[in-house]
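Trainee: Just passing along the structure, written as structure tokens.
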Amino acid sequence: MKAKRLRRTSLYIPGTNPGMLANASVYGADSIILDLEDGVPVPEKDAARILVRNALKSVPYRGAEVTVRVNALSTPFGRDDFREIIPLAPDAIRLPKCESADDVREADALMTEIELNSGVEAGTVGIIAITESARGGRNLSEIAAASPRVIALNYGAEDYTADIGAVRTKEGRELDDIRAKVIVAARIAGVQALDSVFGDVNDMEGLYAEALRVRLLGFDGKSVIHPRQIPVVHRAFTPSEQEIGFARRVMAAFREASSRGAGVIALDGRMIDAPVVARAEKILALAEAAGCLPGER
Amino acid sequence: MLLERTGVAGSLESCDALVMVILSPDREGVEIELESPSIASFGEEMKRAVMETLESLDVQHGYVKVQDRGSLDCTLRARTETAARRALAVPDGEKVEE
Amino acid sequence: MPPGRKVTTMDTDSRKVFFFTGEKKVIPSIGKKREKGKIVASLEEAFRLADVRDGMTISFHHHLRDGDLVVNMALDVLAKMGIRDLVLAPSALFPVHERLLRHVRSGVIRSIEGSVNGPVGRAASEGLFSSPVILRSHGGRVRAMQAGELRVDVAVLAAPAADAMGNLSGISGPSACGSLGYAFTDAQYADRVIAVTDNLVSYPAVPFSIPQTLVDWVVPVESIGVPEKIVSGTLRVTRDPLRLIIAEHVAKVVEESGLFTDGFSMQAGAGGISLAASAFIRERMKAAGIRGSFISGGITGQSVEMLEEGLFESLLDVQSFDLEAVASLASNRGHAEMSASFYANTASKGCAVDMLDVAVLGATQVDMDFNVNVNTESDGVLLHGIGGHMDTAAGAAMTVIVTPLFRGRMPMIVDSVLTVTTPGETVDVVVTERGVAVNPRRKDLLENLRGKGIPLMEIGDLKKTAEEFTGIPKTPSFGDNVIGIVEYRDGTIIDTIRQRI
């Protein structure tokens with residue numbers, strides 16, 4: 001199920017760089033973002049659009065989820081992006097500047113129209129909604145619920161902090177609020193919460209610390225801008241032995257209760273609710289991806 | 001003297017190609033000048049990629065110069081298409097007067 | 001007295017040569033120290049003394065790499081002297097040697113045996129030489145000299161340090177290059193040996209790599225090389241993410257190969273991927289607490305650091321690549337210089353490559369039988385010499401070939417390589433960014449590598465994956481004219497190279 005697939009890392013690939021477009025899936029990122037938006041200067045928007053379209057058509061991206069960050073429909077470039085890209089049916093588009101449910105619905109309708117005209121089953125292409133403003137931050141729940149295409153919520157740290165008048169710091173406390181909002185809205189809608197980029201590609205310790213912190217907050221993954229950030233984020237998204245051990249016991253209790261037809265799951269004398277089971281499943285999925293579960297490689 | 005419109009796309013970076021498309025209604029058909037390190041192995045495919053791309057845009061008369069730096073087929077087609085579209089987008093008023 | 005041995009009594013003239021039997025004592029030591037020893041004023045004079053004639057074989061070593069000035073200098077002198085039809089026998093050539101083409105065109109050089117590079121190779125592919133270039137590996141070249149198949153009349157040895165009696169060293173002087181491993185074997189086998197130096201030191205030049213007993217003349221010149229092109233500052237590991245992925249796979253393969261234990265030995269090139277692979281292996285050695293026996297081949301600052309960290313007992317140096325390596329050769333006990341013969345000569349009494357556990361080598365192409373091409377590019381043009389490739393691959397317990405799956409638009413994995421340099425029987429693993437192929441002959445290796453998270457693929461699938469990106473290339477066209485012969489390390493011919501049309 002699309003919403004549930006692992007997205008520990010999402011690697012940005014500038015749509016203007018043919019070499020990187022060809023090699024995007026080599027670096028082990030769970031999801032790749034072929035970027036037509038902020039990574040592409042205005043005079044090259046047309047060129048990037050065609051490069052990405054052709055790459056979607058011809059490059060065998062194996063293993064990774066393929067997403068395209070299109071330009072927002074409010075820009076002169078958005079509509080052309082949709083027209084060229086949607087027929088190639090990437091796994092999802094990343095939709096910037098989502099301020100309200102209307103933004104999502106507008107994209108949804110256009111995507112349906114193009115899918116049907118191209119012989120693609122309607123609803124095939126997902127949406128990862130990116131919020132970049134105070135207003136968008138407040139409307140996250142409706143954005144998440146606006147369309148079944150929405151599979152994850154993401155936010156743009158730079159634009160968001162600029163919009164709320166905060167200053168970007170290394171520690172990132174100014175992002176506490178939007179992070180919390182994204183996680184809550186994502187959970188309510190049953191979609192993933194994805195954190196933003198860590199800009200300093202030379203600071204691996206700082207990256208690890210931030211990635212671990214956001215995992216513990218409840219994020220499902222983080223965007224990265226350089227391949228060397230991928231193993232670091234994956235390490236942060238690798239559960240500890242204790243977490244894995246506990247998760248295994250939860251799942252065992254769950255299976256045991258199910259096989260008995262029991263309505264209540266108990267572990268160590270305490271009741272375990274559905275969210276605990278869901279989280280245990282997620283932990284085991286992360287562990288498996290990291291190769292921690294023996295025999296799973 | 002009929003007027004020419006030019007469009008350029010791409011770069012001389014590794015894995016890319018710099019493609020110049022000149023639309024000249026004067027010309028007989030399309031002439032392609034190709035410079036590539038892979039010309040011995042892929043020269044024909046590359047020329048075909050350029051021709052097919054121009055055909056899809058209904059470009060029948062012109063001259064294309066390709067300076068290839070090891071681009072894949074999808075990249076060469078993309079650069080050709082973008083260059084041709086840029087040439088086609090040159091508005092009448094800006095055509096070079098002879 | 002052994003039977004059949006003719007005995008003569010010493011005559012008075014002989015007594016005068018060897019003993020003091022007159023009014024004045026001729027004391028050889030004073031004569032040689034206070035006069036010039038073997039020093040001659042110019043290369044031309046040395047060539048005259050060596051009686052250089054048309055058709056002779058002249059050899060050079062390549063320790064000064066692209067900073068070398070001596071090869072061009074010597075050939076210009078020979079040309080000026082009116083010498084023609086020479087056979088050039090370099091251990092390797094570099095782009096700086098493109099100038100020798102004018103001497104080929106003018107008839108000073110008739111043919112080349114040993115190695116070519118870049119423009120010289122391209123000229124060969126275009127049919128410039130009247131007889132085929134003979135390509136030999138480092139080890140094969142020595143074998144040929146030893147067997148008398150390559151008779152070197154005059155060896156010209158660029159020497160970063162030399163004394164008046166011809167003791168030569170590579171570790172000091174403005175053009176220091178470290179090991180003189182290739183020069184040593186030339187000095188051993190050539191009829192006449194001319195040393196060219198820009199750094200005359202007082203007698204005796206200790207420590208020396210080449211002893212005076214092998215050297216005929218010493219020619220002091222202004223400069224033998226361009227320092228920054230001889231040895232770089234410390235070579236840096238690549239930052240290219242794709243190459244780092246390949247290097248990571250290599251380290252994983254080595255770790256799981258079954259060879260990764262105390263006493264481990266390895267050789268890796270100085271290219272981007274190889275250096276990175278060595279760096280990753282270094283980390284894993286530290287983590288596993290492994291103490292290796294030796295690193296061989298071309299020595300870099302990274303190898304030196306691994307020696308000094310205690311990860312390896314020794315470095316066997318046939319070529320020093322950077323300043324750190326040069327300095328280490330001069331000061332580290334565990335850093336030993338080895339000759340080309342010691343390194344790779346299959347006709348010696350034992351060579352280093354046969355003791356190797358792991359070799360990490362490059363390629364221009366690899367095929368379905370794991371044959372490796374390092375001589376011709378995908379367009380069929382001869383651009384590279386063999387180096388130690390076929391030697392190292394034959395000797396190493398596990399030979400790992402590293403290459404991106406495709407370069408530009410050219411796939412690196414093909415049906416059949418255009419030139420077989422290193423036969424597939426000696427190649428064990430091919431590592432690309434998208435997959436790792438193990439030679440099916442190596443069932444033992446396959447067992448060790450399975451289930452360890454290494455992206456194992458059939459070599460055929462690797463090729464198909466490459467072609468998914470690039471398409472299937474047309475094979476270049478060749479004429480009938482053979483312009484190059486690839487000689488295997490045992491003297492047999494493993495492949496030929498034809499003229500490109």
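Identifiers for the structure tokens are assigned positionally: chains receive A, B, ... in sequence, residues are indexed from 1 per chain, and ligands are indexed from 1 in the order shown.
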Report as a short mmCIF file (atom, residue, chain, number, x, y, z; two decimals) with all heavy atoms, in the first residue's frame the set of chain B residues whose atoms approach chain A to within 9 Å, with distances computed over only C-alpha atoms.
Mentor:
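Written output follows (part-v7.cif):
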```
data_model
loop_
_atom_site.label_atom_id
_atom_site.label_comp_id
_atom_site.auth_asym_id
_atom_site.auth_seq_id
_atom_site.Cartn_x
_atom_site.Cartn_y
_atom_site.Cartn_z
N ALA B 9 20.01 24.43 -26.12
CA ALA B 9 19.72 23.81 -24.81
C ALA B 9 20.85 22.88 -24.43
O ALA B 9 21.54 22.34 -25.30
CB ALA B 9 18.41 23.03 -24.87
N GLY B 10 21.00 22.65 -23.12
CA GLY B 10 22.02 21.71 -22.66
C GLY B 10 23.29 22.39 -22.24
O GLY B 10 23.33 23.60 -22.04
N SER B 14 29.83 16.85 -18.41
CA SER B 14 29.85 15.40 -18.62
C SER B 14 28.44 14.85 -18.53
O SER B 14 27.64 15.26 -17.71
CB SER B 14 30.75 14.81 -17.54
OG SER B 14 30.70 13.43 -17.58
N CYS B 15 28.09 13.89 -19.37
CA CYS B 15 26.76 13.26 -19.45
C CYS B 15 25.69 14.13 -20.10
O CYS B 15 24.53 13.75 -20.15
CB CYS B 15 26.22 12.81 -18.09
SG CYS B 15 27.31 11.65 -17.27
N ASP B 16 26.07 15.30 -20.59
CA ASP B 16 25.09 16.20 -21.21
C ASP B 16 25.45 16.40 -22.68
O ASP B 16 26.43 15.86 -23.18
CB ASP B 16 25.09 17.55 -20.47
CG ASP B 16 23.78 18.31 -20.63
OD1 ASP B 16 22.94 17.90 -21.47
OD2 ASP B 16 23.60 19.32 -19.92
N SER B 71 26.14 11.83 -23.47
CA SER B 71 24.76 11.85 -23.00
C SER B 71 24.06 10.54 -23.36
O SER B 71 24.39 9.92 -24.36
CB SER B 71 24.01 13.02 -23.62
OG SER B 71 23.92 12.85 -25.03
N LEU B 72 23.11 10.16 -22.54
CA LEU B 72 22.26 9.02 -22.86
C LEU B 72 21.21 9.46 -23.87
O LEU B 72 20.96 10.66 -24.03
CB LEU B 72 21.58 8.48 -21.59
CG LEU B 72 22.52 7.95 -20.50
CD1 LEU B 72 21.71 7.50 -19.29
CD2 LEU B 72 23.35 6.79 -21.04
N ASP B 73 20.55 8.49 -24.48
CA ASP B 73 19.56 8.78 -25.51
C ASP B 73 18.47 9.72 -25.01
O ASP B 73 18.10 10.69 -25.68
CB ASP B 73 18.95 7.45 -26.00
CG ASP B 73 18.03 7.66 -27.18
OD1 ASP B 73 18.55 7.94 -28.28
OD2 ASP B 73 16.80 7.54 -27.01
N CYS B 74 17.96 9.44 -23.79
CA CYS B 74 16.86 10.26 -23.28
C CYS B 74 17.30 11.71 -23.06
O CYS B 74 16.51 12.65 -23.24
CB CYS B 74 16.28 9.68 -21.98
SG CYS B 74 17.49 9.42 -20.68
N THR B 75 18.54 11.90 -22.71
CA THR B 75 19.07 13.25 -22.51
C THR B 75 19.20 13.96 -23.85
O THR B 75 18.81 15.14 -23.98
CB THR B 75 20.44 13.20 -21.83
OG1 THR B 75 20.33 12.47 -20.60
CG2 THR B 75 20.99 14.58 -21.56
N ARG B 77 17.60 13.41 -26.59
CA ARG B 77 16.26 13.75 -27.09
C ARG B 77 15.68 14.95 -26.34
O ARG B 77 15.06 15.85 -26.95
CB ARG B 77 15.32 12.55 -26.93
CG ARG B 77 15.59 11.46 -27.95
CD ARG B 77 14.70 10.23 -27.70
NE ARG B 77 15.12 9.16 -28.55
CZ ARG B 77 14.52 8.80 -29.70
NH1 ARG B 77 13.46 9.48 -30.10
NH2 ARG B 77 14.99 7.81 -30.42
N ALA B 78 15.90 14.97 -25.03
CA ALA B 78 15.37 16.09 -24.23
C ALA B 78 16.01 17.40 -24.66
O ALA B 78 15.32 18.42 -24.83
CB ALA B 78 15.63 15.84 -22.75
N ARG B 79 17.31 17.40 -24.82
CA ARG B 79 18.00 18.64 -25.20
C ARG B 79 17.57 19.10 -26.60
O ARG B 79 17.39 20.30 -26.84
CB ARG B 79 19.52 18.45 -25.16
CG ARG B 79 20.12 18.21 -23.77
CD ARG B 79 19.53 19.05 -22.70
NE ARG B 79 20.35 19.14 -21.51
CZ ARG B 79 19.98 19.81 -20.43
NH1 ARG B 79 18.83 20.48 -20.41
NH2 ARG B 79 20.78 19.85 -19.37
N GLU B 81 14.70 18.43 -28.06
CA GLU B 81 13.32 18.92 -27.97
C GLU B 81 13.28 20.32 -27.37
O GLU B 81 12.59 21.21 -27.89
CB GLU B 81 12.47 17.97 -27.12
CG GLU B 81 11.02 18.41 -27.03
CD GLU B 81 10.16 17.40 -26.29
OE1 GLU B 81 10.53 16.20 -26.23
OE2 GLU B 81 9.11 17.81 -25.78
N THR B 82 14.03 20.53 -26.30
CA THR B 82 14.02 21.85 -25.66
C THR B 82 14.59 22.91 -26.60
O THR B 82 14.03 24.01 -26.73
CB THR B 82 14.81 21.82 -24.34
OG1 THR B 82 14.25 20.81 -23.49
CG2 THR B 82 14.77 23.16 -23.64
N ALA B 83 15.69 22.58 -27.28
CA ALA B 83 16.28 23.55 -28.20
C ALA B 83 15.30 23.88 -29.32
O ALA B 83 15.12 25.05 -29.70
CB ALA B 83 17.57 23.00 -28.79
N ARG B 86 12.47 26.02 -28.04
CA ARG B 86 12.94 27.40 -27.82
C ARG B 86 13.02 28.14 -29.14
O ARG B 86 12.66 29.31 -29.24
CB ARG B 86 14.28 27.39 -27.09
CG ARG B 86 14.15 27.04 -25.62
CD ARG B 86 15.49 26.92 -24.92
NE ARG B 86 15.30 26.71 -23.48
CZ ARG B 86 16.27 26.48 -22.61
NH1 ARG B 86 17.54 26.46 -23.04
NH2 ARG B 86 16.01 26.28 -21.33
#
```
Trainee: Could you give me, as an MDAnalysis selection string, each residue of range 74-233 of chain C that DSSP assigns to strand (DSSP E) when run on this structure's backbone?
Mentor: chainID C and resid 86:90 109:114 133:135 154:159 161:162 168:169 192:197 217:220
Trainee: Could you list, as a ChimeraX atom specification, the residues of chain C having an atom within 7 Å of chain A when counting only C-alpha atoms?
Mentor: /C:241,433-434,451-453,469
Trainee: What residues in range 28-241 of chain C get the DSSP label helix (DSSP H, G or I)? Please answer as an MDAnalysis selection string.
Mentor: chainID C and resid 28:34 43:49 65:67 70:80 95:105 118:125 138:146 181:189 212:214 227:230 241
Trainee: What is the distance, in Å and to one decimal place, between CA of Ala101 in chain A and CA of Gln192 in chain A?
Mentor: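 CA of Ala101 in chain A sits 17.2 Å away from CA of Gln192 in chain A.
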Trainee: Compute the chain C side of the contact with chain B at 9 Å, counting only C-alpha atoms, and hand it back as a PyMOL selection string.
Mentor: chain C and resi 378-379+407-410+469-477
Trainee: With all heavy atoms retained, export the selected residues as a CSV table (one decimal), in the first residue's frame.
Mentor:
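The result, stored in again_37.csv:
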```csv
chain,number,residue,atom,x,y,z
C,378,SER,N,36.6,1.8,-25.6
C,378,SER,CA,35.4,1.2,-26.3
C,378,SER,C,35.4,1.5,-27.8
C,378,SER,O,34.8,0.8,-28.5
C,378,SER,CB,34.1,1.7,-25.7
C,378,SER,OG,34.2,1.8,-24.3
C,379,ASP,N,36.1,2.5,-28.2
C,379,ASP,CA,36.1,2.8,-29.7
C,379,ASP,C,37.3,2.1,-30.4
C,379,ASP,O,37.5,2.3,-31.5
C,379,ASP,CB,36.2,4.3,-29.9
C,379,ASP,CG,37.4,4.9,-29.3
C,379,ASP,OD1,38.2,4.2,-28.6
C,379,ASP,OD2,37.6,6.2,-29.5
C,407,ARG,N,30.2,4.6,-18.7
C,407,ARG,CA,30.9,5.9,-18.6
C,407,ARG,C,30.3,6.7,-19.8
C,407,ARG,O,30.5,6.3,-20.9
C,407,ARG,CB,32.4,5.7,-18.8
C,407,ARG,CG,33.1,5.2,-17.6
C,407,ARG,CD,34.6,5.4,-17.7
C,407,ARG,NE,35.3,4.9,-16.6
C,407,ARG,CZ,35.9,3.7,-16.5
C,407,ARG,NH1,36.0,2.9,-17.6
C,407,ARG,NH2,36.5,3.3,-15.4
C,408,GLY,N,29.7,7.9,-19.5
C,408,GLY,CA,29.1,8.6,-20.5
C,408,GLY,C,28.0,7.7,-21.1
C,408,GLY,O,27.1,7.3,-20.4
C,409,ARG,N,28.1,7.4,-22.4
C,409,ARG,CA,27.1,6.5,-23.0
C,409,ARG,C,27.7,5.2,-23.3
C,409,ARG,O,27.0,4.3,-23.9
C,409,ARG,CB,26.6,7.2,-24.3
C,409,ARG,CG,25.3,6.5,-24.7
C,409,ARG,CD,24.8,7.1,-26.0
C,409,ARG,NE,23.8,6.2,-26.5
C,409,ARG,CZ,22.8,6.5,-27.3
C,409,ARG,NH1,22.7,7.8,-27.7
C,409,ARG,NH2,21.9,5.6,-27.7
C,410,MET,N,28.9,4.9,-22.8
C,410,MET,CA,29.5,3.6,-23.2
C,410,MET,C,29.4,2.6,-22.1
C,410,MET,O,29.8,2.8,-20.9
C,410,MET,CB,31.0,3.8,-23.5
C,410,MET,CG,31.3,4.7,-24.6
C,410,MET,SD,30.4,4.3,-26.2
C,410,MET,CE,31.0,2.6,-26.4
C,469,PHE,N,20.5,1.4,-20.0
C,469,PHE,CA,20.8,2.9,-20.0
C,469,PHE,C,21.3,3.4,-21.3
C,469,PHE,O,21.0,4.4,-21.8
C,469,PHE,CB,21.8,3.2,-18.9
C,469,PHE,CG,21.2,3.1,-17.5
C,469,PHE,CD1,21.1,1.9,-16.8
C,469,PHE,CD2,20.7,4.3,-16.9
C,469,PHE,CE1,20.6,1.9,-15.6
C,469,PHE,CE2,20.2,4.3,-15.7
C,469,PHE,CZ,20.1,3.1,-15.0
C,470,THR,N,22.3,2.6,-21.9
C,470,THR,CA,23.1,3.1,-23.0
C,470,THR,C,22.6,2.7,-24.4
C,470,THR,O,22.9,3.3,-25.4
C,470,THR,CB,24.5,2.6,-22.9
C,470,THR,OG1,24.5,1.2,-23.0
C,470,THR,CG2,25.1,3.0,-21.6
C,471,GLY,N,21.9,1.6,-24.4
C,471,GLY,CA,21.6,1.0,-25.7
C,471,GLY,C,22.8,0.0,-26.0
C,471,GLY,O,23.8,0.0,-25.3
C,472,ILE,N,22.7,-0.7,-27.1
C,472,ILE,CA,23.8,-1.6,-27.5
C,472,ILE,C,24.7,-1.0,-28.5
C,472,ILE,O,24.3,-0.6,-29.6
C,472,ILE,CB,23.2,-2.9,-28.1
C,472,ILE,CG1,22.3,-3.6,-27.0
C,472,ILE,CG2,24.3,-3.9,-28.5
C,472,ILE,CD1,21.6,-4.8,-27.5
C,473,PRO,N,26.0,-0.8,-28.1
C,473,PRO,CA,26.9,-0.1,-29.0
C,473,PRO,C,27.3,-1.0,-30.2
C,473,PRO,O,27.3,-2.2,-30.2
C,473,PRO,CB,28.1,0.1,-28.1
C,473,PRO,CG,28.1,-1.0,-27.1
C,473,PRO,CD,26.7,-1.3,-26.9
C,474,LYS,N,27.5,-0.2,-31.3
C,474,LYS,CA,28.0,-0.9,-32.5
C,474,LYS,C,29.5,-1.2,-32.3
C,474,LYS,O,30.2,-0.4,-31.7
C,474,LYS,CB,27.9,0.1,-33.7
C,474,LYS,CG,27.9,-0.6,-35.1
C,474,LYS,CD,27.6,0.4,-36.1
C,474,LYS,CE,28.9,1.1,-36.6
C,474,LYS,NZ,28.8,1.9,-37.8
C,475,THR,N,30.0,-2.4,-32.7
C,475,THR,CA,31.4,-2.7,-32.6
C,475,THR,C,32.2,-1.9,-33.5
C,475,THR,O,31.8,-1.8,-34.7
C,475,THR,CB,31.6,-4.2,-32.8
C,475,THR,OG1,30.6,-4.9,-32.2
C,475,THR,CG2,33.0,-4.6,-32.3
C,476,PRO,N,33.3,-1.2,-33.1
C,476,PRO,CA,34.1,-0.4,-34.0
C,476,PRO,C,34.7,-1.3,-35.1
C,476,PRO,O,34.8,-2.5,-35.0
C,476,PRO,CB,35.2,0.1,-33.1
C,476,PRO,CG,34.9,-0.2,-31.8
C,476,PRO,CD,33.8,-1.2,-31.7
C,477,SER,N,35.0,-0.7,-36.2
C,477,SER,CA,35.6,-1.4,-37.4
C,477,SER,C,37.1,-1.4,-37.4
C,477,SER,O,37.7,-0.4,-37.1
C,477,SER,CB,35.1,-0.8,-38.7
C,477,SER,OG,33.8,-0.5,-38.6
```
Trainee: Do a neighbour search on Gly140 in chain C at 8 Å with only C-alpha atoms, toss out local chain neighbours closer than 4 positions, and write the hits as a PyMOL selection string.
Mentor: chain C and resi 136+144+344-346+391+487-491
Trainee: CA of Ala164 in chain C to CA of Val215 in chain C: how many Å, to one decimal?
Mentor: 10.4 Å
Trainee: Would you pick out the contacts of range 204-211 of chain A at 8 Å or less, using only C-alpha atoms, so that residues sharing its chain but fewer than 2 positions from it are not included, and give the list as a list of chain:residue names?
Mentor: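 So, after excluding close chain neighbours, the residues are A:Phe198, A:Asp200, A:Val201, A:Asn202, A:Arg213, A:Val214, A:Arg215, A:Lys222, A:Gln229, A:Val232, A:Val233, A:Arg235, A:Ala236, A:Phe237.
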Trainee: Quick check, in Å to one decimal: how far apart do CA of Val430 in chain C and CA of Pro455 in chain C lie?
Mentor: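 About the pair CA of Val430 in chain C and CA of Pro455 in chain C: they are 11.4 Å apart.
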Trainee: Would you mind listing what lies within 7 Å of range 329-336 of chain C as a list in words, with only C-alpha atoms counted and same-chain residues fewer than 3 positions away left out?
Mentor: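 With the cut-off at 7 Å, the set is Ile171, Gly178, Glu313, Ser314, Leu315, Leu316, Asp317, Ala325 and Val326 of chain C.
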Trainee: Counting only C-alpha atoms, what is within 9 Å of Ile183 in chain A, bar same-chain residues fewer than 3 positions away, as a list of chain:residue names?
Mentor: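 Near neighbours after the sequence-gap exclusion: A:Leu153, A:Ile178, A:Arg179, A:Ala180, A:Ala186, A:Arg187, A:Ile188, A:Gln192, A:Ala193, A:Leu194, A:Leu217, A:Gly218, A:Phe219.
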Trainee: Pull C-alpha atoms from the residues just selected and write them as a PDB file, in the first residue's frame.
Mentor:
```pdb
ATOM      1  CA  LEU A 153       2.877  15.514   4.548  1.00  0.00           C
ATOM      2  CA  ILE A 178       5.325  22.945  12.451  1.00  0.00           C
ATOM      3  CA  ARG A 179       6.863  19.558  13.171  1.00  0.00           C
ATOM      4  CA  ALA A 180       4.264  18.859  15.797  1.00  0.00           C
ATOM      5  CA  ALA A 186      -0.474  13.015   9.364  1.00  0.00           C
ATOM      6  CA  ARG A 187      -1.492  10.561  12.068  1.00  0.00           C
ATOM      7  CA  ILE A 188      -5.118  11.657  11.999  1.00  0.00           C
ATOM      8  CA  GLN A 192       3.254   9.684   6.615  1.00  0.00           C
ATOM      9  CA  ALA A 193       5.035  12.637   8.177  1.00  0.00           C
ATOM     10  CA  LEU A 194       8.251  13.633   6.422  1.00  0.00           C
ATOM     11  CA  LEU A 217       9.118  12.672  17.554  1.00  0.00           C
ATOM     12  CA  GLY A 218       7.235  10.434  15.180  1.00  0.00           C
ATOM     13  CA  PHE A 219       8.455  11.380  11.698  1.00  0.00           C
TER      14      PHE A 219
END
```
